[in-house]
Amino acid sequence: MMQSVELFAGAGGLAMGVARAGFKHRAVLEWDRWACDTIRENQRNGQPLVKGWPVYSGDVREFDYSSLPSGIDLVAGGPPCQPFSIGGKHRAFNDDRDMFPASVAVVRQLQPRAFLFENVRGLARQSFSNYLEYIKLQLSFPELVRKRDEEWIDHLARLERYSTRGKRNGLWYRVHHRVLNAADFGVPQKRERVFIVGFRSDIQTEWNFPDATHSLDALLVDQFVTGEYWERHGVSKRARLKAPERLAGRIGALHSHSLLDELGQKDAWATVRDTLADLPSPAKDHSSIKLPNHRFQPGARAYPGHTGSPLDEPAKTLKAGDHGVPGGENMVAMPDGSVRYFSVRESARLQTFPDDYTFNGSWSEAMRQLGNAVPVELGHTVAKSIANTLQGKAPKARHGASNGRASR
């Protein structure tokens with residue numbers, strides 16, 4: 001079995017996806033006490049994906065990596081994203097929470113065959129373009145270390161010069177990055193994130209990011225061309241949503257038979273309704289609900305800029321604020337205009353965690369863990385493509401999709 005190390009593990013979303021892809025974690029590192037408690041509680045409960053994880057609660061910069069066995073195949077993790085988030089102060093390389101330098105140091109020491117890092121979409125903004133290039137070049141040539149008192153922009157220039165040399169010595173990686181939308185891979189959430197993947201130079205096989213398996217167009221067909229979406233959920237014709245005017249032209253084009261044939265290769269985006277259909281509502285009296293973390297959270301209200309996630313679309317990006325952030329990402333908006341907060345269990349489903357995976361702490365603490373997590377399914381999709389490459393397997397062609405229909 002291939003060996004991996006997980007940095008900045010949080011509540012375990014990416015680490016679970018990596019484990020599902022066939023990697024055995026030799027160390028799972030996370031400094032946050034609540035997140036570590038969540039993983040350990042699930043270990044005690046016998047959750048199979050986290051069984052046997054060696055969890056280290058502390059700073060990734062202080063861990064003794066020499067204690068690990070040689071031959072690590074993958075280093076993965078989500079370095080803290082506040083330096084690059086749209087809701088943050090955008091300090092990037094001037095922010096003490098920037099853990100990309102620490103991530104590069106781990107790659108330099110362990111020399112894994114591949115690495116996988118995830119961060120917020122804000123890292124790919126134009127204002128951070130130089131720093132994203134700096135991150136990629138550091139990961140490409142981890143042994144070309146920043147000198148004492150050397151400004152990062154000077155280090156970047158030195159890395160750029162080295163990258164253009166015909167001959168390269170020592171440890172180096174082929175690095176790729178792309179912004180992926182989780183909804184395009186079956187996650188019921190419009191969550192865009194930057195993924196940075198690298199393969200050690202001796203890994204000669206070709207690799208590319210996985211192709212999207214789901215699409216908005218296939219969902220629009222289900223809802224507004226065939227109506228199968230509403231029939232599947234037992235929604236009467238009177239109660240069905242009308243097609244949005246802003247998408248009228250697009251929906252009209254989807255009536256084309258040739259375009260429908262093309263859509264047959266992709267499933268529909270999964271919606272909030274798809275995801276929560278078999279869950280009881282988190283009523284105020286939750287004593288009869290046996291699912292963990294499925295409790296009603298009072299106090300939700302809508303106002304301009306804080307409107308919640310529509311029931312019949314993928315959810316907005318879950319975020320780590322106590323009560324959501326502008327846009328109401330932690331609320332569901334019902335067709336009758338009412339709103340309520342997602343329960344922790346519902347949010348876990350939106351992040352594709354298993355139903356038996358519990359989260360420690362209060363509602364706000366659990367939502368913080370979920371808002372910081374990588375969707376398990378998205379992590380698995382990318383990690384599996386890496387695993388296949390490391391094992392010399394060609395990517396499988398996608399056959400027999402369900403005619404653009406959601407499977408849930």
# chains A, B, ... in the order shown; residues from 1 in each chain; ligands from 1
>>> residues_around(residues="range 64-73 of chain A", least_positions_apart="2", cutoff="10 Å", atoms="only C-alpha atoms", output="ChimeraX atom specification")
/A:1-5,23-27,60-62,75,106,109-115,199-200,387,390
>>> select_by_dssp(residues="range 58-212 of chain A", states="alpha helix (DSSP H)", output="number ranges by chain")
A: 100-110, 129-140, 152-163
>>> residues_around(residues="Asp32 in chain A", least_positions_apart="5", cutoff="10 Å", atoms="only C-alpha atoms", output="list of chain:residue names")
A:Phe8, A:Ala9, A:Gly10, A:Ala11, A:Asp37, A:Ser57, A:Gly58, A:Asp59, A:Gln369
>>> atom_distance(atom1="CA of Arg349 in chain A", atom2="CA of Gly227 in chain A")
24.8 Å
>>> residues_around(residues="Val272 in chain A", least_positions_apart="4", cutoff="7 Å", atoms="only C-alpha atoms", output="PDB file with N, CA, C and O atoms, in the first residue's frame")
ATOM      1  N   PRO A 188     -22.494  18.291  -3.713  1.00  0.00           N
ATOM      2  CA  PRO A 188     -23.665  19.174  -3.788  1.00  0.00           C
ATOM      3  C   PRO A 188     -23.375  20.582  -3.260  1.00  0.00           C
ATOM      4  O   PRO A 188     -24.066  21.102  -2.397  1.00  0.00           O
ATOM      5  N   LEU A 276     -30.467  16.206   0.816  1.00  0.00           N
ATOM      6  CA  LEU A 276     -31.173  16.142   2.100  1.00  0.00           C
ATOM      7  C   LEU A 276     -32.492  15.394   2.009  1.00  0.00           C
ATOM      8  O   LEU A 276     -33.221  15.308   3.010  1.00  0.00           O
ATOM      9  N   LEU A 311     -32.811  25.646  -2.377  1.00  0.00           N
ATOM     10  CA  LEU A 311     -33.000  24.214  -2.197  1.00  0.00           C
ATOM     11  C   LEU A 311     -32.705  23.423  -3.466  1.00  0.00           C
ATOM     12  O   LEU A 311     -32.231  22.279  -3.392  1.00  0.00           O
ATOM     13  N   ASP A 312     -32.964  24.007  -4.628  1.00  0.00           N
ATOM     14  CA  ASP A 312     -32.879  23.256  -5.877  1.00  0.00           C
ATOM     15  C   ASP A 312     -31.643  23.603  -6.702  1.00  0.00           C
ATOM     16  O   ASP A 312     -31.652  23.506  -7.932  1.00  0.00           O
ATOM     17  N   GLU A 313     -30.592  24.014  -6.019  1.00  0.00           N
ATOM     18  CA  GLU A 313     -29.279  24.210  -6.615  1.00  0.00           C
ATOM     19  C   GLU A 313     -28.248  23.565  -5.686  1.00  0.00           C
ATOM     20  O   GLU A 313     -28.545  23.269  -4.525  1.00  0.00           O
ATOM     21  N   PRO A 314     -27.019  23.365  -6.168  1.00  0.00           N
ATOM     22  CA  PRO A 314     -25.965  23.021  -5.208  1.00  0.00           C
ATOM     23  C   PRO A 314     -25.829  24.145  -4.182  1.00  0.00           C
ATOM     24  O   PRO A 314     -26.102  25.309  -4.484  1.00  0.00           O
ATOM     25  N   ALA A 315     -25.454  23.803  -2.978  1.00  0.00           N
ATOM     26  CA  ALA A 315     -25.307  24.822  -1.933  1.00  0.00           C
ATOM     27  C   ALA A 315     -24.214  25.813  -2.305  1.00  0.00           C
ATOM     28  O   ALA A 315     -23.297  25.516  -3.077  1.00  0.00           O
TER      29      ALA A 315
END
>>> residues_around(residues="Gln47 in chain A", least_positions_apart="2", cutoff="12 Å", atoms="only C-alpha atoms", output="PyMOL selection string")
chain A and resi 12+16+38-45+49-53+353-358
>>> atom_distance(atom1="CA of Ala383 in chain A", atom2="CA of Ala21 in chain A")
5.9 Å
>>> closest_residue(among="A:Pro298, A:Thr271, A:Leu370, A:Ala348", to="His233 in chain A", atoms="only C-alpha atoms")
A:Thr271
>>> atom_distance(atom1="CA of Ile251 in chain A", atom2="CA of Phe224 in chain A")
7.2 Å
>>> closest_atom_pairs(of="range 160-224 of chain A", to="range 127-132 of chain A", cutoff="12 Å", atoms="only C-alpha atoms", output="CSV")
residue,atom,partner,partner_atom,distance
A:Glu160,CA,A:Asn130,CA,11.3
A:Val175,CA,A:Leu132,CA,11.8
A:His176,CA,A:Leu132,CA,11.4
A:His177,CA,A:Leu132,CA,9.5
A:Arg178,CA,A:Leu132,CA,11.4
A:Val194,CA,A:Leu132,CA,10.2
A:Phe195,CA,A:Leu132,CA,11.3
A:Ile196,CA,A:Leu132,CA,9.9
>>> write_last_selection(atoms="C-alpha atoms", output="compact mmCIF listing (two decimals), in the first residue's frame")
# COMPACT_ATOMS: atom_id res chain seq x y z
CA GLU A 160 12.69 31.75 -12.33
CA VAL A 175 3.91 21.01 -10.85
CA HIS A 176 0.36 21.62 -12.05
CA HIS A 177 -2.41 23.80 -10.66
CA ARG A 178 -6.07 24.27 -11.49
CA VAL A 194 -7.15 25.77 -6.12
CA PHE A 195 -5.39 22.41 -6.27
CA ILE A 196 -1.61 22.20 -6.67
>>> closest_atom_pairs(of="range 233-277 of chain A", to="range 333-344 of chain A", cutoff="10 Å", atoms="only C-alpha atoms", output="Markdown table")
| residue | atom | partner | partner_atom | distance |
| --- | --- | --- | --- | --- |
| A:Ala239 | CA | A:Pro335 | CA | 8.5 |
| A:Arg240 | CA | A:Pro335 | CA | 9.0 |
| A:Leu241 | CA | A:Pro335 | CA | 8.1 |
| A:Val272 | CA | A:Ala333 | CA | 9.8 |
| A:Arg273 | CA | A:Met334 | CA | 9.7 |
>>> closest_residue(among="A:Gly379, A:Pro101, A:Gly198, A:Pro304", to="Tyr134 in chain A", atoms="only C-alpha atoms")
A:Pro101
>>> residues_around(residues="Leu139 in chain A", least_positions_apart="3", cutoff="8 Å", atoms="only C-alpha atoms", output="MDAnalysis selection string")
chainID A and resid 104 107 135:136 142 172:173 175 198
>>> select_by_dssp(residues="range 157-401 of chain A", states="strand (DSSP E)", output="VMD selection string")
chain A and resid 173 to 181 192 to 200 214 to 215 267 to 268 309 to 310 331 to 333 339 to 341
